[in-house]
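Let me begin by presenting the structure, written as structure tokens, before commenting on it.
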Amino acid sequence: MTISTTTDPAAAPRRAPSLSAVAEAAGVSMQTVSRVARGFDNVSPETRTRVQQAMAELGYRPNRAARALRSGRFRTIGVIMFTLASFGNMRTLEAIADAAGAADFTITLLPMASRTEEGVRSAFSRLHEQAVDGVVIIIESHVIDTAEVALPDGVPMVVVDSTGTTDHPAIDTDQAEGARLATQHLLDLGHETVWHVSGPASSYSAARRQAAWAATLTGAGRPVPPVFEGDWNTSSGYRAGLSIAARPEITAVFAANDQTALGVLRACHELGRPVPSTLSVVGFDDSPESDSFWPPLTTVHQSFDEVGRRAVATLLTQIAGGAVTAATDLVPVRLVERASTAAPPAR
């Protein structure tokens, strides 16, 4: 018995177009197509355009694995971070991905299993198993300062949200200036002092904001009140807000971030404490919804997009063999005045 089979050509998987097919369509050599695919400059603009059009029409995609074997570059950036839950981390990660994509790099996310020294070591251990050209580390914790945790040598690296004590370049928002602007704004409105709902004690950003708040009050000769401890979320702001709303002597509050400020506003609404006629509230972040709080929130704008762009630019300079300094590059901030702040009530 003879059994014959037929294959439906339409059902067979379509083969990816080859380098030679692109070369034939563009009327150039395979070497020219390769130079265009690898981004080399020694191709005329007219020829480059013709080759790129042929690639687009045929659906050709350069083979990254083959390119990596030839060049020793993977065109991939690793991102190590504690959490995706915070607004700032998500916006920074998005900006890093956009900047990497514009430079024809992809990103590999390496989340940490825990906010411990072991979690940091585990992430760095996994890093050595990844095909990455460099790493951006977003670590919002003091754990990286401990002697037992060392950043790996020989890997281009940028640290975001850092004390600046590492041997690698760091990018951060000017946290201290933002807190100073928020506190000084409330003092300029006539408030005797400013109370603070902090971020978590483990956070670099929270520590810098709290220190700058206290320094601004001290520099102005004003009393520095005890801190209401928070943890970046609305629930901690709400708990602090319940205490704040019940104390009429508190007329101005600087919250460590917008979510904390939202919790304070909710507590004030529930307890009938009018904002801003009896209590002024300032946040930090200028999150997209902060202008829709009630009242719209006065806050400190920080550019997570710029932090991400600078982090990638600094990393790509290292990957290309350029020199960078192990210093912190601070991205400027600005105060956005809205309806949640006003002069204190008349005594």
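Scheme for the structure tokens: letters A, B, ... for chains in order shown; per-chain residue numbers from 1; ligand numbers from 1 in order shown.
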With only C-alpha atoms as the counted atoms, please give the residues lying no more than 12 Å from region 47-50 of chain A, apart from itself and same-chain residues fewer than 6 positions off, as a ChimeraX atom specification. /A:22-29,32-41,56-57
Keeping C-alpha atoms, export the residues of the selection given above as a CSV table (one decimal), in the first residue's frame.
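What landed in selection.csv:
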```
chain,number,residue,atom,x,y,z
A,22,VAL,CA,16.1,42.5,0.4
A,23,ALA,CA,19.3,43.1,-1.6
A,24,GLU,CA,17.6,41.9,-4.8
A,25,ALA,CA,14.5,44.1,-4.1
A,26,ALA,CA,16.6,47.2,-3.4
A,27,GLY,CA,19.1,46.5,-6.2
A,28,VAL,CA,22.1,46.5,-3.9
A,29,SER,CA,24.6,44.0,-2.5
A,32,THR,CA,25.0,47.1,1.8
A,33,VAL,CA,21.8,45.7,3.3
A,34,SER,CA,23.9,44.4,6.3
A,35,ARG,CA,25.4,47.8,6.8
A,36,VAL,CA,22.0,49.5,6.8
A,37,ALA,CA,20.6,46.8,9.2
A,38,ARG,CA,23.5,47.4,11.6
A,39,GLY,CA,23.2,51.2,11.5
A,40,PHE,CA,26.5,51.9,9.9
A,41,ASP,CA,27.1,55.4,8.4
A,56,ALA,CA,9.4,47.4,5.1
A,57,GLU,CA,7.8,46.0,2.0
```
Counting only C-alpha atoms, what is within 9 Å of region 256-259 of chain A, bar same-chain residues fewer than 3 positions away, as a PyMOL selection string? chain A and resi 179+196-199+205-206+209-210+230-235+237+262-264+282-287+290+297+299-300
Excluding Thr341 (chain A) and its own-chain neighbours fewer than 5 positions away, which residues fall within 9 Å of it when counting only C-alpha atoms? Please give them as a list in words.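 Those residues are His185, Leu186, Leu189, Ala252, Val275, Pro276, Ser277, Leu279, Ser280, Val281, Val282, Leu297 and Thr298 of chain A.
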Can I get the selection written as a CSV table (one decimal), in the first residue's frame, with all heavy atoms?
```
chain,number,residue,atom,x,y,z
A,185,HIS,N,6.5,77.7,49.9
A,185,HIS,CA,5.3,78.2,49.4
A,185,HIS,C,4.3,78.4,50.5
A,185,HIS,O,3.6,79.5,50.6
A,185,HIS,CB,4.7,77.3,48.4
A,185,HIS,CG,3.3,77.5,48.0
A,185,HIS,ND1,2.9,78.6,47.3
A,185,HIS,CD2,2.2,76.7,48.2
A,185,HIS,CE1,1.6,78.6,47.1
A,185,HIS,NE2,1.1,77.4,47.6
A,186,LEU,N,4.2,77.5,51.4
A,186,LEU,CA,3.2,77.5,52.5
A,186,LEU,C,3.6,78.6,53.5
A,186,LEU,O,2.8,79.4,54.1
A,186,LEU,CB,3.1,76.2,53.2
A,186,LEU,CG,2.4,75.1,52.4
A,186,LEU,CD1,2.7,73.7,53.0
A,186,LEU,CD2,1.0,75.4,52.2
A,189,LEU,N,2.7,82.0,52.2
A,189,LEU,CA,1.3,82.3,52.3
A,189,LEU,C,0.9,82.8,53.7
A,189,LEU,O,-0.2,83.3,53.9
A,189,LEU,CB,0.5,81.1,52.0
A,189,LEU,CG,0.4,80.6,50.5
A,189,LEU,CD1,-0.3,79.3,50.4
A,189,LEU,CD2,-0.3,81.7,49.7
A,252,ALA,N,-1.2,74.0,57.8
A,252,ALA,CA,-0.5,73.7,56.6
A,252,ALA,C,0.2,72.4,56.6
A,252,ALA,O,0.8,72.0,57.7
A,252,ALA,CB,0.5,74.8,56.3
A,275,VAL,N,-10.8,72.7,53.1
A,275,VAL,CA,-9.5,72.9,52.4
A,275,VAL,C,-9.7,73.8,51.2
A,275,VAL,O,-10.6,73.5,50.4
A,275,VAL,CB,-8.8,71.6,52.0
A,275,VAL,CG1,-7.5,71.8,51.2
A,275,VAL,CG2,-8.6,70.7,53.2
A,276,PRO,N,-9.1,75.0,51.0
A,276,PRO,CA,-7.9,75.4,51.8
A,276,PRO,C,-8.2,76.5,52.8
A,276,PRO,O,-7.3,77.1,53.4
A,276,PRO,CB,-7.0,76.0,50.7
A,276,PRO,CG,-8.0,76.7,49.8
A,276,PRO,CD,-9.2,75.7,49.8
A,277,SER,N,-9.5,76.8,53.1
A,277,SER,CA,-9.8,78.0,53.9
A,277,SER,C,-9.3,77.8,55.4
A,277,SER,O,-9.0,78.7,56.1
A,277,SER,CB,-11.3,78.2,53.9
A,277,SER,OG,-12.1,77.1,54.4
A,279,LEU,N,-7.2,74.8,56.1
A,279,LEU,CA,-6.0,73.9,56.0
A,279,LEU,C,-5.5,73.9,54.6
A,279,LEU,O,-6.3,73.6,53.7
A,279,LEU,CB,-6.4,72.5,56.5
A,279,LEU,CG,-5.2,71.4,56.4
A,279,LEU,CD1,-4.1,71.7,57.4
A,279,LEU,CD2,-5.7,70.0,56.5
A,280,SER,N,-4.2,74.2,54.4
A,280,SER,CA,-3.6,74.1,53.1
A,280,SER,C,-2.8,72.8,53.0
A,280,SER,O,-2.2,72.4,53.9
A,280,SER,CB,-2.6,75.3,52.9
A,280,SER,OG,-3.4,76.5,52.7
A,281,VAL,N,-2.9,72.2,51.8
A,281,VAL,CA,-2.2,70.9,51.5
A,281,VAL,C,-1.4,70.9,50.3
A,281,VAL,O,-1.9,71.4,49.2
A,281,VAL,CB,-3.3,69.7,51.5
A,281,VAL,CG1,-2.6,68.4,51.2
A,281,VAL,CG2,-4.1,69.7,52.7
A,282,VAL,N,-0.2,70.5,50.3
A,282,VAL,CA,0.7,70.4,49.2
A,282,VAL,C,1.2,69.0,49.0
A,282,VAL,O,1.5,68.3,50.0
A,282,VAL,CB,1.9,71.4,49.3
A,282,VAL,CG1,2.9,71.2,48.1
A,282,VAL,CG2,1.5,72.8,49.4
A,297,LEU,N,-5.0,69.9,43.5
A,297,LEU,CA,-3.9,69.9,44.4
A,297,LEU,C,-2.7,70.7,44.0
A,297,LEU,O,-2.2,70.6,42.8
A,297,LEU,CB,-3.4,68.4,44.6
A,297,LEU,CG,-2.3,68.2,45.6
A,297,LEU,CD1,-2.8,68.4,47.0
A,297,LEU,CD2,-1.8,66.7,45.5
A,298,THR,N,-2.2,71.6,44.8
A,298,THR,CA,-0.9,72.2,44.7
A,298,THR,C,0.1,71.1,44.9
A,298,THR,O,0.1,70.4,45.9
A,298,THR,CB,-0.7,73.4,45.7
A,298,THR,OG1,-1.7,74.4,45.4
A,298,THR,CG2,0.7,73.9,45.6
```
Write out as a tab-separated table the residues of region 280-304 of chain A that have any atom within 8 Å of an atom of region 327-333 of chain A, one row each with the nearest atom pair and its distance in Å to one decimal, counting only C-alpha atoms, sorted by chain and then rising number.
```
residue	atom	partner	partner_atom	distance
A:Val300	CA	A:Val333	CA	6.8
A:His301	CA	A:Val333	CA	5.7
A:Gln302	CA	A:Val333	CA	5.1
A:Ser303	CA	A:Val333	CA	7.2
```
Store the residues picked out above in a file with all heavy atoms, as a PDB file, in the first residue's frame.
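What landed in out_4.pdb:
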```pdb
ATOM      1  N   VAL A 300       4.379  69.444  43.689  1.00  0.00           N
ATOM      2  CA  VAL A 300       5.697  69.611  43.072  1.00  0.00           C
ATOM      3  C   VAL A 300       5.783  68.702  41.852  1.00  0.00           C
ATOM      4  O   VAL A 300       5.568  67.489  41.961  1.00  0.00           O
ATOM      5  CB  VAL A 300       6.825  69.269  44.066  1.00  0.00           C
ATOM      6  CG1 VAL A 300       8.187  69.338  43.376  1.00  0.00           C
ATOM      7  CG2 VAL A 300       6.787  70.213  45.268  1.00  0.00           C
ATOM      8  N   HIS A 301       6.048  69.303  40.718  1.00  0.00           N
ATOM      9  CA  HIS A 301       6.162  68.520  39.482  1.00  0.00           C
ATOM     10  C   HIS A 301       7.577  67.982  39.341  1.00  0.00           C
ATOM     11  O   HIS A 301       8.550  68.726  39.405  1.00  0.00           O
ATOM     12  CB  HIS A 301       5.837  69.384  38.268  1.00  0.00           C
ATOM     13  CG  HIS A 301       6.013  68.662  36.958  1.00  0.00           C
ATOM     14  ND1 HIS A 301       5.025  67.871  36.418  1.00  0.00           N
ATOM     15  CD2 HIS A 301       7.073  68.606  36.106  1.00  0.00           C
ATOM     16  CE1 HIS A 301       5.468  67.356  35.279  1.00  0.00           C
ATOM     17  NE2 HIS A 301       6.700  67.780  35.073  1.00  0.00           N
ATOM     18  N   GLN A 302       7.678  66.666  39.177  1.00  0.00           N
ATOM     19  CA  GLN A 302       8.973  66.073  38.844  1.00  0.00           C
ATOM     20  C   GLN A 302       8.841  65.320  37.528  1.00  0.00           C
ATOM     21  O   GLN A 302       7.833  64.658  37.285  1.00  0.00           O
ATOM     22  CB  GLN A 302       9.494  65.174  39.956  1.00  0.00           C
ATOM     23  CG  GLN A 302       8.592  64.047  40.400  1.00  0.00           C
ATOM     24  CD  GLN A 302       9.285  63.172  41.428  1.00  0.00           C
ATOM     25  OE1 GLN A 302      10.507  63.092  41.500  1.00  0.00           O
ATOM     26  NE2 GLN A 302       8.504  62.496  42.246  1.00  0.00           N
ATOM     27  N   SER A 303       9.852  65.429  36.685  1.00  0.00           N
ATOM     28  CA  SER A 303       9.786  64.856  35.347  1.00  0.00           C
ATOM     29  C   SER A 303      10.389  63.458  35.341  1.00  0.00           C
ATOM     30  O   SER A 303      11.601  63.282  35.203  1.00  0.00           O
ATOM     31  CB  SER A 303      10.529  65.753  34.340  1.00  0.00           C
ATOM     32  OG  SER A 303      10.526  65.152  33.061  1.00  0.00           O
TER      33      SER A 303
END
```
DSSP on the backbone: which residues in region 151-212 of chain A end up as helix (DSSP H, G or I)? Give the answer as a PyMOL selection string. chain A and resi 175-188+204-212
Which of these, A:Asp133, A:Glu46, A:Asp167, A:Glu94, has the shortest distance to Thr325 (chain A) once you count only C-alpha atoms?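 Of A:Asp133, A:Glu46, A:Asp167, A:Glu94, the one nearest Thr325 (chain A), counting only C-alpha atoms, is A:Asp167.
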Could you list, as a PyMOL selection string, every residue within 9 Å of Ile139 (chain A), counting only C-alpha atoms and ignoring same-chain residues fewer than 5 positions away? chain A and resi 80-83+144+159-162+203-204
Have a look at A:Ala176, A:Leu187, A:Leu93, A:Leu242 and name the one nearest to Pro344 (chain A); count only C-alpha atoms.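 Smallest separation from Pro344 (chain A) among the options: A:Leu187.
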Separating CA of Ala182 (chain A) from CA of Arg338 (chain A), to the nearest tenth of an Å, is a gap of 12.2 Å
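Interatomic distance, CA of Thr193 (chain A) against CA of Ala214 (chain A): 10.3 Å.
Residues of region 129-298 of chain A that DSSP places in strand (DSSP E or B), based on the backbone of this structure, are Gly134, Val135, Val136, Ile137, Ile138, Met157, Val158, Val159, Val160, Ala170, Ile171, Asp172, Thr173, Trp195, His196, Val197, Phe228, Ala252, Val253, Phe254, Ala255, Ser280, Val281, Val282, Asp285 and Thr298 of chain A.
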Write out as a list in words which residues come within 9 Å of Tyr60 (chain A) when counting only C-alpha atoms, dropping same-chain ones fewer than 5 positions away. Ala16, Pro17, Ser18, Leu19, Val22, Ala54 and Met55 of chain A
Just C-alpha atoms for this one: save the residues we selected as an mmCIF file, in the first residue's frame.
```cif
data_model
loop_
_atom_site.group_PDB
_atom_site.id
_atom_site.type_symbol
_atom_site.label_atom_id
_atom_site.label_comp_id
_atom_site.auth_asym_id
_atom_site.auth_seq_id
_atom_site.Cartn_x
_atom_site.Cartn_y
_atom_site.Cartn_z
ATOM 1 C CA ALA A 16 10.994 35.258 7.014
ATOM 2 C CA PRO A 17 12.464 37.233 4.117
ATOM 3 C CA SER A 18 16.214 36.810 3.761
ATOM 4 C CA LEU A 19 18.995 39.348 3.469
ATOM 5 C CA VAL A 22 16.074 42.520 0.448
ATOM 6 C CA ALA A 54 12.571 47.165 0.699
ATOM 7 C CA MET A 55 12.832 45.927 4.305
#
```
